[in-house]
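Text of upload.txt, listed as compact mmCIF, C-alpha atoms:
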```
# COMPACT_ATOMS: atom_id res chain seq x y z
CA MET A 1 11.42 29.55 122.98
CA ASN A 2 12.36 27.39 125.97
CA GLN A 3 15.13 25.82 123.96
CA ALA A 4 16.56 29.23 123.16
CA VAL A 5 16.64 30.19 126.83
CA VAL A 6 18.36 26.94 127.77
CA ALA A 7 20.87 27.45 124.97
CA GLU A 8 21.54 31.00 126.20
CA VAL A 9 22.20 29.80 129.73
CA VAL A 10 24.43 26.98 128.51
CA ILE A 11 26.44 29.41 126.39
CA LEU A 12 26.74 31.85 129.31
CA VAL A 13 28.01 29.18 131.69
CA ALA A 14 30.35 27.77 129.04
CA VAL A 15 31.80 31.18 128.18
CA PHE A 16 32.27 32.05 131.85
CA HIS A 17 34.18 28.87 132.52
CA ALA A 18 36.11 29.17 129.30
CA LEU A 19 37.24 32.64 130.36
CA LEU A 20 38.29 31.41 133.80
CA LEU A 21 40.17 28.50 132.25
CA SER A 22 41.72 30.74 129.62
CA ALA A 23 43.07 33.02 132.35
CA ALA A 24 44.62 30.00 134.05
CA ALA A 25 45.92 28.70 130.74
CA MET A 26 47.38 32.09 129.86
CA VAL A 27 49.30 32.21 133.14
CA TRP A 28 50.82 28.86 132.21
CA VAL A 29 51.47 29.88 128.60
CA GLU A 30 53.04 33.12 129.74
CA ARG A 31 55.45 31.36 132.07
CA LYS A 32 56.27 28.64 129.56
CA VAL A 33 56.86 31.01 126.65
CA ALA A 34 58.92 33.30 128.86
CA ALA A 35 60.96 30.31 129.90
CA TRP A 36 61.54 29.21 126.30
CA LEU A 37 62.54 32.70 125.26
CA GLN A 38 65.05 32.78 128.08
CA GLN A 39 66.22 29.17 127.61
CA ARG A 40 64.74 27.95 130.88
CA HIS A 41 62.17 25.24 131.58
CA GLY A 42 59.47 27.20 133.38
CA PRO A 43 57.05 25.38 135.68
CA THR A 44 57.55 21.61 135.49
CA LEU A 45 56.68 20.18 138.89
CA VAL A 46 52.88 20.39 139.26
CA GLY A 47 51.18 18.13 136.74
CA TYR A 48 52.48 17.26 133.27
CA ALA A 49 54.87 20.04 132.15
CA GLY A 50 53.59 22.20 134.99
CA LEU A 51 50.08 22.35 133.51
CA LEU A 52 48.43 22.35 136.94
CA GLN A 53 50.64 25.16 138.25
CA PRO A 54 47.96 27.89 137.88
CA PHE A 55 45.46 25.82 139.85
CA ALA A 56 48.01 25.19 142.58
CA ASP A 57 48.62 28.94 142.67
CA ILE A 58 44.92 29.70 143.02
CA ILE A 59 44.47 27.19 145.85
CA LYS A 60 47.49 28.64 147.59
CA LEU A 61 46.15 32.17 147.21
CA ILE A 62 42.76 31.22 148.68
CA PHE A 63 44.45 29.99 151.85
CA LYS A 64 46.65 33.05 152.22
CA GLU A 65 46.06 35.82 154.71
CA GLU A 66 44.10 38.79 153.46
CA LEU A 67 45.92 41.98 154.45
CA ARG A 68 44.21 45.34 154.40
CA PRO A 69 46.32 48.37 155.40
CA ALA A 70 45.00 49.97 158.58
CA ALA A 71 44.51 53.33 156.87
CA ALA A 72 42.76 51.87 153.84
CA ASP A 73 39.18 52.59 152.91
CA LYS A 74 37.50 49.27 153.72
CA TRP A 75 34.65 49.24 151.22
CA LEU A 76 36.51 50.70 148.30
CA PHE A 77 39.41 48.35 149.00
CA TYR A 78 37.22 45.32 148.39
CA LEU A 79 35.07 46.98 145.74
CA ALA A 80 38.03 47.64 143.44
CA PRO A 81 39.01 44.02 142.62
CA ALA A 82 35.32 43.13 142.28
CA ILE A 83 34.87 45.90 139.70
CA SER A 84 37.96 44.80 137.81
CA ALA A 85 36.84 41.17 137.71
CA ALA A 86 33.22 41.94 136.80
CA CYS A 87 34.24 44.33 133.99
CA SER A 88 36.64 41.81 132.52
CA PHE A 89 33.87 39.22 132.27
CA ALA A 90 31.21 41.64 131.13
CA ALA A 91 33.14 42.84 128.10
CA PHE A 92 33.34 39.36 126.62
CA ALA A 93 29.56 38.93 126.81
CA VAL A 94 28.99 40.83 123.56
CA VAL A 95 31.80 39.14 121.61
CA PRO A 96 30.51 36.60 119.07
CA PHE A 97 32.84 33.66 118.57
CA GLY A 98 31.12 31.59 115.91
CA ALA A 99 28.45 31.60 113.22
CA GLU A 100 24.82 30.82 114.01
CA THR A 101 24.46 27.15 114.76
CA THR A 102 21.84 24.58 115.69
CA PHE A 103 24.46 22.35 117.39
CA PHE A 104 24.10 19.68 114.67
CA GLY A 105 20.32 19.73 114.66
CA LEU A 106 20.00 19.60 118.43
CA LEU A 107 18.01 22.84 118.41
CA ASP A 108 15.10 23.76 116.17
CA GLU A 109 16.18 27.37 115.74
CA PRO A 110 19.79 28.39 115.19
CA VAL A 111 21.35 30.41 118.03
CA LYS A 112 24.18 32.88 117.87
CA LEU A 113 27.40 31.85 119.55
CA GLN A 114 27.64 34.76 121.94
CA VAL A 115 26.27 35.52 125.37
CA ALA A 116 24.33 38.65 124.51
CA ASP A 117 23.53 39.81 120.99
CA VAL A 118 23.73 43.58 121.29
CA ASN A 119 23.43 45.62 118.12
CA VAL A 120 25.77 48.29 119.52
CA ALA A 121 28.33 45.74 120.75
CA VAL A 122 31.22 47.99 119.81
CA LEU A 123 29.91 50.73 122.11
CA VAL A 124 29.43 48.25 124.96
CA ILE A 125 33.04 47.12 124.70
CA PHE A 126 34.22 50.71 124.58
CA ALA A 127 32.11 51.60 127.64
CA ILE A 128 33.18 48.62 129.72
CA GLY A 129 36.77 49.30 128.79
CA SER A 130 36.37 52.75 130.32
CA MET A 131 34.66 51.31 133.42
CA SER A 132 37.59 49.04 134.20
CA VAL A 133 39.63 52.19 134.87
CA TYR A 134 37.48 52.57 138.00
CA GLY A 135 38.79 49.30 139.40
CA ILE A 136 42.37 50.52 139.10
CA VAL A 137 41.77 54.06 140.37
CA LEU A 138 39.75 52.84 143.36
CA ALA A 139 42.39 50.24 144.17
CA GLY A 140 45.09 52.86 144.21
CA TRP A 141 43.03 55.37 146.18
CA ALA A 142 41.63 52.94 148.74
CA SER A 143 45.01 51.36 149.56
CA ASN A 144 46.34 54.67 150.88
CA SER A 145 49.84 53.68 149.87
CA LYS A 146 52.09 55.93 147.83
CA TYR A 147 53.06 53.29 145.31
CA SER A 148 49.47 52.25 144.79
CA LEU A 149 48.26 55.79 144.30
CA LEU A 150 51.05 56.65 141.87
CA GLY A 151 50.52 53.43 139.95
CA ALA A 152 46.79 54.04 139.74
CA LEU A 153 47.22 57.64 138.57
CA ARG A 154 49.74 56.63 135.96
CA SER A 155 47.75 53.76 134.63
CA SER A 156 44.51 55.72 134.47
CA ALA A 157 46.30 58.50 132.57
CA GLN A 158 47.72 55.86 130.24
CA MET A 159 44.41 54.10 129.72
CA ILE A 160 42.44 57.23 128.95
CA SER A 161 45.18 58.46 126.61
CA TYR A 162 45.15 55.28 124.55
CA GLU A 163 41.40 54.94 124.74
CA LEU A 164 41.14 57.78 122.19
CA SER A 165 43.21 56.02 119.53
CA TYR A 166 41.37 52.82 120.37
CA GLY A 167 38.04 54.53 119.77
CA MET A 168 39.22 56.17 116.54
CA ALA A 169 40.47 52.87 115.14
CA LEU A 170 37.12 51.33 116.09
CA ALA A 171 35.30 54.13 114.26
CA SER A 172 37.24 53.39 111.08
CA VAL A 173 36.00 49.79 111.26
CA LEU A 174 32.44 51.02 111.79
CA VAL A 175 32.77 53.12 108.65
CA MET A 176 33.94 50.14 106.62
CA ALA A 177 31.37 47.67 107.93
CA ASN A 178 28.54 50.22 108.25
CA SER A 179 27.38 48.48 111.41
CA MET A 180 27.96 48.53 115.15
CA SER A 181 27.08 44.89 115.64
CA LEU A 182 30.14 42.68 115.90
CA THR A 183 28.33 39.85 114.13
CA GLU A 184 27.64 42.06 111.13
CA ILE A 185 31.19 43.41 111.19
CA VAL A 186 32.48 39.85 111.01
CA ASN A 187 30.07 38.94 108.24
CA ALA A 188 31.21 41.98 106.25
CA GLN A 189 34.62 40.28 106.11
CA ASP A 190 33.33 37.08 104.54
CA GLY A 191 34.71 35.87 101.21
CA ALA A 192 37.95 36.63 99.43
CA TRP A 193 39.38 38.88 96.73
CA PHE A 194 40.73 37.20 93.61
CA GLY A 195 39.81 33.94 95.29
CA PHE A 196 42.69 33.82 97.74
CA ILE A 197 43.13 37.06 99.72
CA PRO A 198 40.59 36.93 102.58
CA ARG A 199 38.46 40.08 102.82
CA TRP A 200 39.67 40.78 106.34
CA PHE A 201 39.77 44.39 107.41
CA ILE A 202 43.43 44.08 108.36
CA PHE A 203 44.22 43.99 104.63
CA VAL A 204 41.96 46.94 103.85
CA ASN A 205 42.95 49.05 106.83
CA PRO A 206 46.34 47.83 108.10
CA ILE A 207 47.10 51.12 109.88
CA GLY A 208 43.81 50.94 111.74
CA ALA A 209 44.57 47.37 112.78
CA LEU A 210 48.03 48.35 113.94
CA ILE A 211 46.68 51.30 115.95
CA PHE A 212 43.95 49.16 117.46
CA MET A 213 46.37 46.44 118.53
CA THR A 214 48.87 48.92 119.97
CA ALA A 215 46.16 50.75 121.88
CA GLY A 216 44.76 47.40 122.97
CA VAL A 217 48.08 46.42 124.50
CA ALA A 218 48.18 49.75 126.32
CA GLU A 219 44.56 49.35 127.46
CA THR A 220 45.29 45.99 129.01
CA ASN A 221 48.42 47.38 130.67
CA ARG A 222 50.70 44.83 129.09
CA ALA A 223 54.38 45.21 128.24
CA PRO A 224 55.83 47.30 126.69
CA PHE A 225 53.10 49.50 128.19
CA ASP A 226 52.91 47.84 131.63
CA PHE A 227 53.40 51.03 133.64
CA PRO A 228 50.97 50.19 136.41
CA GLU A 229 53.34 47.39 137.31
CA ALA A 230 56.67 49.01 136.58
CA GLU A 231 58.35 46.92 139.27
CA GLN A 232 61.58 48.85 139.34
CA GLU A 233 59.89 52.12 140.25
CA LEU A 234 56.44 51.33 141.64
CA VAL A 235 56.84 47.94 143.38
CA ALA A 236 53.60 46.51 141.97
CA GLY A 237 51.65 49.63 141.09
CA TYR A 238 48.00 49.81 141.99
CA HIS A 239 47.85 46.34 143.57
CA THR A 240 50.88 46.74 145.84
CA GLU A 241 48.74 46.41 148.95
CA TYR A 242 46.61 43.54 147.71
CA SER A 243 47.19 39.99 148.79
CA SER A 244 45.45 36.65 148.69
CA MET A 245 42.30 36.39 146.55
CA SER A 246 41.79 40.10 145.96
CA PHE A 247 45.21 40.14 144.30
CA ALA A 248 44.25 37.06 142.31
CA LEU A 249 41.13 38.85 141.05
CA PHE A 250 43.26 41.68 139.62
CA PHE A 251 45.57 39.13 138.06
CA GLN A 252 42.68 37.20 136.58
CA ALA A 253 41.10 40.42 135.30
CA GLU A 254 44.32 41.30 133.49
CA TYR A 255 44.44 37.98 131.68
CA VAL A 256 40.72 37.93 130.85
CA ASN A 257 41.07 41.46 129.47
CA MET A 258 43.88 40.21 127.27
CA VAL A 259 41.66 37.42 125.98
CA THR A 260 38.82 39.88 125.36
CA VAL A 261 40.98 42.36 123.46
CA SER A 262 42.41 39.55 121.33
CA ALA A 263 38.92 38.22 120.62
CA VAL A 264 37.65 41.68 119.69
CA THR A 265 40.66 42.25 117.43
CA THR A 266 39.93 38.92 115.77
CA ASP A 267 36.33 39.94 115.17
CA LEU A 268 37.15 43.43 113.97
CA PHE A 269 40.20 42.88 111.79
CA LEU A 270 40.93 39.20 111.27
CA GLY A 271 37.56 38.11 109.94
CA GLY A 272 36.32 36.42 113.12
CA TRP A 273 35.26 32.86 112.40
CA HIS A 274 35.64 33.13 108.64
CA GLY A 275 38.50 31.27 107.09
CA PRO A 276 39.36 28.74 104.42
CA LEU A 277 39.18 24.92 104.71
CA ILE A 278 36.93 24.73 107.76
CA PRO A 279 33.13 24.72 107.19
CA GLU A 280 31.11 27.57 108.67
CA SER A 281 29.67 25.49 111.51
CA PHE A 282 33.18 24.81 112.79
CA GLY A 283 34.19 28.44 112.34
CA TRP A 284 34.90 28.79 116.04
CA ILE A 285 38.06 26.75 115.43
CA TRP A 286 39.34 29.56 113.22
CA PHE A 287 38.28 32.02 115.89
CA LEU A 288 40.26 30.12 118.53
CA VAL A 289 43.31 29.85 116.28
CA LYS A 290 43.35 33.57 115.50
CA THR A 291 42.71 34.62 119.09
CA GLY A 292 45.35 32.18 120.28
CA PHE A 293 47.86 33.61 117.86
CA LEU A 294 47.17 37.15 119.09
CA LEU A 295 47.53 36.00 122.69
CA PHE A 296 50.84 34.35 121.89
CA PHE A 297 51.86 37.58 120.22
CA TYR A 298 51.07 39.45 123.45
CA VAL A 299 53.28 37.15 125.50
CA TRP A 300 56.01 37.14 122.89
CA MET A 301 56.05 40.94 122.89
CA ARG A 302 56.18 41.18 126.67
CA TRP A 303 59.33 39.09 126.89
CA THR A 304 61.01 40.67 123.89
CA LEU A 305 60.51 44.41 124.23
CA PRO A 306 61.74 46.59 127.09
CA ARG A 307 59.32 48.93 128.82
CA TYR A 308 58.91 52.45 127.53
CA ARG A 309 59.71 55.47 129.65
CA TYR A 310 56.63 57.24 130.94
CA ASP A 311 57.21 60.43 128.96
CA GLN A 312 57.79 58.33 125.84
CA LEU A 313 54.51 56.54 126.49
CA MET A 314 52.50 59.74 126.79
CA ALA A 315 54.29 61.36 123.86
CA PHE A 316 53.67 58.31 121.67
CA GLY A 317 50.00 58.14 122.61
CA TRP A 318 49.20 61.80 122.17
CA LYS A 319 51.64 62.92 119.49
CA VAL A 320 51.86 59.89 117.22
CA LEU A 321 48.99 57.49 117.74
CA LEU A 322 46.18 60.03 118.10
CA PRO A 323 46.95 62.13 114.97
CA LEU A 324 47.64 58.94 113.02
CA SER A 325 44.30 57.45 114.02
CA VAL A 326 42.42 60.64 113.11
CA VAL A 327 44.09 60.77 109.69
CA ASN A 328 43.41 57.07 109.22
CA LEU A 329 39.74 57.56 110.05
CA LEU A 330 39.41 60.49 107.63
CA LEU A 331 41.17 58.60 104.83
CA THR A 332 39.08 55.49 105.40
CA SER A 333 35.83 57.41 105.32
CA ALA A 334 36.88 59.32 102.19
CA TRP A 335 37.67 55.97 100.57
CA VAL A 336 34.31 54.58 101.63
CA ILE A 337 32.39 57.57 100.25
CA TYR A 338 34.34 57.59 97.00
CA PHE A 339 34.35 53.87 96.20
CA GLY A 340 31.24 52.87 98.09
CA PHE A 341 33.13 50.26 100.10
CA MET B 342 27.55 38.25 132.57
CA ILE B 343 28.17 41.26 134.83
CA ALA B 344 26.09 39.56 137.53
CA VAL B 345 28.02 36.33 137.11
CA GLY B 346 31.27 38.26 137.28
CA ILE B 347 30.27 40.09 140.46
CA ALA B 348 29.03 36.85 142.01
CA PHE B 349 32.33 35.18 141.19
CA ALA B 350 34.33 38.04 142.69
CA VAL B 351 32.26 38.14 145.89
CA THR B 352 32.44 34.35 146.28
CA MET B 353 36.18 34.33 145.84
CA LEU B 354 36.74 37.20 148.27
CA GLY B 355 34.43 35.58 150.82
CA LEU B 356 36.10 32.21 150.41
CA SER B 357 39.56 33.55 151.01
CA SER B 358 38.47 35.61 154.01
CA LEU B 359 36.90 32.45 155.47
CA LEU B 360 39.81 30.12 154.75
CA GLY B 361 42.79 32.41 155.13
CA PRO B 362 44.50 33.01 158.47
CA ARG B 363 44.02 36.36 160.15
CA LYS B 364 46.82 37.45 162.47
CA PRO B 365 47.17 41.19 161.98
CA THR B 366 50.09 43.06 163.48
CA PRO B 367 50.68 46.81 163.18
CA GLU B 368 53.64 46.19 160.89
CA LYS B 369 51.62 44.02 158.55
CA LEU B 370 48.88 46.60 158.30
CA ALA B 371 51.19 49.47 157.48
CA PRO B 372 51.33 50.56 153.83
CA TYR B 373 54.30 49.10 151.97
CA GLU B 374 57.25 51.43 151.78
CA CYS B 375 60.20 49.15 151.15
CA GLY B 376 60.44 48.19 154.82
CA MET B 377 60.75 51.73 156.15
CA PRO B 378 58.13 53.16 158.47
CA PRO B 379 55.68 55.04 156.22
CA VAL B 380 56.30 58.75 155.90
CA GLY B 381 53.22 60.96 155.92
CA ASP B 382 49.97 60.31 154.11
CA ALA B 383 49.75 58.94 150.59
CA ARG B 384 46.90 61.21 149.56
CA GLU B 385 48.97 64.26 148.86
CA ARG B 386 49.06 66.68 146.00
CA GLN B 387 49.94 65.04 142.71
CA SER B 388 51.40 66.42 139.53
CA VAL B 389 48.94 68.73 137.77
CA LYS B 390 49.76 66.89 134.53
CA PHE B 391 47.33 64.14 135.43
CA TYR B 392 44.45 66.60 135.69
CA LEU B 393 45.39 68.20 132.38
CA VAL B 394 45.44 64.81 130.69
CA ALA B 395 42.03 64.04 132.17
CA MET B 396 40.66 67.31 130.81
CA ILE B 397 41.96 66.95 127.27
CA PHE B 398 40.82 63.34 127.35
CA LEU B 399 37.27 64.54 128.04
CA LEU B 400 37.36 66.87 125.03
CA PHE B 401 38.69 64.25 122.65
CA ASP B 402 36.51 61.50 124.03
CA ILE B 403 33.38 63.52 123.36
CA GLU B 404 34.69 64.00 119.86
CA VAL B 405 35.03 60.24 119.45
CA ALA B 406 31.52 59.79 120.83
CA PHE B 407 30.26 62.27 118.21
CA LEU B 408 32.09 60.43 115.47
CA TYR B 409 30.35 57.10 116.11
CA PRO B 410 26.89 58.15 114.86
CA TRP B 411 28.59 60.00 112.02
CA ALA B 412 30.49 56.86 111.07
CA MET B 413 27.22 54.95 110.97
CA ALA B 414 25.45 57.52 108.81
CA LEU B 415 28.43 58.23 106.56
CA ARG B 416 27.02 56.51 103.46
CA ASP B 417 23.87 58.64 103.62
CA LEU B 418 25.61 61.91 104.45
CA GLY B 419 28.18 61.62 101.69
CA TRP B 420 30.67 64.38 101.01
CA ALA B 421 28.60 67.07 102.77
CA GLY B 422 28.86 65.21 106.07
CA TYR B 423 32.51 64.51 105.40
CA VAL B 424 33.35 68.18 104.93
CA GLN B 425 31.45 69.11 108.08
CA VAL B 426 33.43 66.64 110.15
CA LEU B 427 36.60 67.84 108.48
CA LEU B 428 35.81 71.40 109.62
CA PHE B 429 35.06 70.12 113.11
CA MET B 430 38.41 68.33 113.11
CA LEU B 431 40.18 71.49 111.99
CA LEU B 432 38.67 73.42 114.90
CA LEU B 433 39.80 70.67 117.22
CA LEU B 434 43.23 70.72 115.60
CA ALA B 435 43.65 74.35 116.67
CA GLY B 436 43.09 73.35 120.29
CA TYR B 437 45.36 70.33 119.86
CA VAL B 438 48.20 72.47 118.52
CA TYR B 439 47.71 74.94 121.38
CA VAL B 440 47.87 72.16 123.96
CA TRP B 441 50.94 70.69 122.28
CA ARG B 442 52.75 74.05 122.15
CA LYS B 443 51.89 74.70 125.79
CA GLY B 444 53.77 71.51 126.65
CA VAL B 445 50.87 69.63 128.20
CA LEU B 446 51.86 66.54 126.24
CA ASP B 447 55.49 66.65 127.39
CA TRP B 448 56.22 64.53 130.40
CA GLY B 449 59.98 64.60 130.30
CA ALA B 450 62.35 66.98 132.05
CA GLU B 451 60.89 70.43 132.61
CA SER B 452 61.65 72.33 129.44
CA THR B 453 59.54 75.47 129.89
```

Turn the structure described in the file into structure tokens.
Amino acid sequence: MNQAVVAEVVILVAVFHALLLSAAAMVWVERKVAAWLQQRHGPTLVGYAGLLQPFADIIKLIFKEELRPAAADKWLFYLAPAISAACSFAAFAVVPFGAETTFFGLLDEPVKLQVADVNVAVLVIFAIGSMSVYGIVLAGWASNSKYSLLGALRSSAQMISYELSYGMALASVLVMANSMSLTEIVNAQDGAWFGFIPRWFIFVNPIGALIFMTAGVAETNRAPFDFPEAEQELVAGYHTEYSSMSFALFFQAEYVNMVTVSAVTTDLFLGGWHGPLIPESFGWIWFLVKTGFLLFFYVWMRWTLPRYRYDQLMAFGWKVLLPLSVVNLLLTSAWVIYFGF
Amino acid sequence: MIAVGIAFAVTMLGLSSLLGPRKPTPEKLAPYECGMPPVGDARERQSVKFYLVAMIFLLFDIEVAFLYPWAMALRDLGWAGYVQVLLFMLLLLAGYVYVWRKGVLDWGAEST
């Protein structure tokens, strides 16, 4: 009993720091990959190959002046980045990243490698995803700046539009796995067909996976869907007026959200910690590899594709992605009823 | 995790407000408008499109929320449950087509 509590706390602290570090690492990866794609060097000065650049940035931001526009709403102005940051951390709490383990016999009872084992994890992620819209809307509203307000309106319209396809793609996974617990969804993808094709849901339901990833990119406001930060038209979107640490919190929330969406995609479609060659107890290595690949994919996409136009974005979300996801859900459930899988 | 997240955010905000300099001038505190003096208030009327999107989002989101328990119970409900949801979807499709034809989903140049 006591051991389990200690293990829980250790996992919580570890995950929290891993998320913070991953946000810093992603900033570095983003700049390095962008540099490679554009035949530059990227950050090189601070630390080996610029590895300490994100930390230097954070320290700089802490010592910068905090500006709040005179007409801004004081409480909401500071509440908004706090909501964004808290939501980004909270969503990862229900994501399992490895099989049950005793840490090589250190514990008597095996514990699950996740912060909170919720049996409706999928719903929690969906709900927290919706809550993070509040951070953006409040930021735009409280700043009382035209660019902020426009950016916030646009990005909330974008997020709620793509949330539907996101939810529909999720529902098709629920149908296949017959469970709302992410652990059980991952375990439903164990094993392989004919001995070599892994039973990952991406092979059963490739359209669902594609919809989920597309909507995930839009949900995290990343290119080619990065309308909240369409620099050419909106300066910096909803965080135009933010400086110093409150800006850093938005930035950090964006990267942690990216990590969370990649981790959830890994759990839902790429078989989580299941994979060949590595024994179950080291499954988290597979999880890291898959999540890392998705994250690289995110960065790769951002520096390859141009941004959509806003009307194209809304048309794509409502006229293509939504009908496609509904049809996909209906086909998947018909398949499940007919074949029993 | 939410508590840890909030604590982290508050700590960081507090830290920067303690360590950062604070020399406000009226120009610094004005909302950013590309260097021009700000014109009017930001909280003006916005395009009605945003409200329409919010409304149709509500309808479809409730549909998604209904589909989750259905997805869980699908294996027990079988074809009967499937047909019922299909009918529900068809009803929704009527509204969807109406909204589409009315041009709510078009954000480009005014065509109507």

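Distance check against chain A using all atoms listed in the file: of B:Met413, B:Leu359, B:Ile397, B:Ala421, the minimum falls on B:Met413.
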
Residue contacts of Leu400 of chain B (12 Å, all atoms listed in the file) excluding same-chain residues fewer than 6 positions away, as a PyMOL selection string: (chain A and resi 160-161+164) or (chain B and resi 393-394+406-407+433-434+436-437+440)

Residues of chain A that approach chain B to 7 Å or less, counting all atoms listed in the file: could you list each one with the shortest pair of atoms and its distance in Å to one decimal, rows by chain and increasing residue number, as a Markdown table?
```
| residue | atom | partner | partner_atom | distance |
| --- | --- | --- | --- | --- |
| A:Ile62 | CA | B:Ser357 | CA | 4.6 |
| A:Phe63 | CA | B:Gly361 | CA | 4.4 |
| A:Lys64 | CA | B:Gly361 | CA | 4.9 |
| A:Glu65 | CA | B:Gly361 | CA | 4.7 |
| A:Glu66 | CA | B:Ser358 | CA | 6.5 |
| A:Leu67 | CA | B:Leu370 | CA | 6.7 |
| A:Arg68 | CA | B:Leu370 | CA | 6.2 |
| A:Pro69 | CA | B:Leu370 | CA | 4.3 |
| A:Ala70 | CA | B:Leu370 | CA | 5.1 |
| A:Ala82 | CA | B:Ala350 | CA | 5.2 |
| A:Ala85 | CA | B:Gly346 | CA | 6.3 |
| A:Ala86 | CA | B:Gly346 | CA | 4.2 |
| A:Cys87 | CA | B:Ile343 | CA | 6.9 |
| A:Phe89 | CA | B:Gly346 | CA | 5.7 |
| A:Ala90 | CA | B:Ile343 | CA | 4.8 |
| A:Ala93 | CA | B:Met342 | CA | 6.1 |
| A:Asn144 | CA | B:Ala383 | CA | 5.5 |
| A:Ser145 | CA | B:Pro372 | CA | 5.3 |
| A:Lys146 | CA | B:Ala383 | CA | 4.7 |
| A:Ala157 | CA | B:Phe391 | CA | 6.4 |
| A:Ile160 | CA | B:Phe398 | CA | 6.5 |
| A:Ser161 | CA | B:Phe398 | CA | 6.6 |
| A:Leu164 | CA | B:Asp402 | CA | 6.2 |
| A:Gly167 | CA | B:Val405 | CA | 6.5 |
| A:Met168 | CA | B:Val405 | CA | 6.5 |
| A:Ala171 | CA | B:Tyr409 | CA | 6.1 |
| A:Leu174 | CA | B:Ala412 | CA | 6.2 |
| A:Val175 | CA | B:Ala412 | CA | 5.0 |
| A:Asn178 | CA | B:Met413 | CA | 5.6 |
| A:Ser179 | CA | B:Met413 | CA | 6.5 |
| A:Glu241 | CA | B:Tyr373 | CA | 6.9 |
| A:Met245 | CA | B:Leu354 | CA | 5.9 |
| A:Ser246 | CA | B:Leu354 | CA | 6.3 |
| A:Asp311 | CA | B:Trp448 | CA | 4.5 |
| A:Met314 | CA | B:Leu446 | CA | 6.9 |
| A:Ala315 | CA | B:Leu446 | CA | 6.2 |
| A:Trp318 | CA | B:Leu446 | CA | 6.8 |
| A:Ile337 | CA | B:Gly419 | CA | 6.0 |
```

Coordinates-based distance that separates atom CA of Val217 of chain A from atom CA of Trp273 of chain A (Å, one decimal): 22.2 Å

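Minimum atom-to-atom distance to Tyr166 of chain A, evaluated using all atoms listed in the file, belongs to A:Ala127 out of A:Ala127, A:Val15, A:Ala4, A:Val94.
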
Atomic separation - atom CA of Ile136 of chain A relative to atom CA of Ser155 of chain A, Å: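 Between atom CA of Ser155 of chain A and atom CA of Ile136 of chain A the gap is 7.7 Å.
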
Between atom CA of Ala188 of chain A and atom CA of Tyr255 of chain A, distance in Å (one decimal):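 The value is 28.9 Å.
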
Leu324 of chain A environment, 10 Å, all atoms listed in the file, sequence neighbours closer than 2 positions dropped, as a ChimeraX atom specification: /A:165,168-169,207-208,211,317-322,326-330

Shell of 12 Å around Phe297 of chain A, all atoms listed in the file, local chain residues under 4 positions omitted, as a ChimeraX atom specification: /A:26,29-30,33-34,213-214,217,222-223,258-259,262,290-293,301-305

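For the set A:Gly151, A:Gly42, A:Gly98, A:Pro276, the residue with the smallest atom-to-atom gap to His239 of chain A is A:Gly151, counting all atoms listed in the file.
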
Nearby residues, (25.9, 37.7, 124.7) file frame, 10 Å, only C-alpha atoms, as a count of residues only: 20

Exercise on segment 303-318 of chain A, axis-aligned box with 8 Å per side, report centre and edge lengths in Å to one decimal, as JSON:
```
{"center_x": 55.5, "center_y": 50.4, "center_z": 126.3, "size_x": 28.5, "size_y": 38.7, "size_z": 25.3}
```
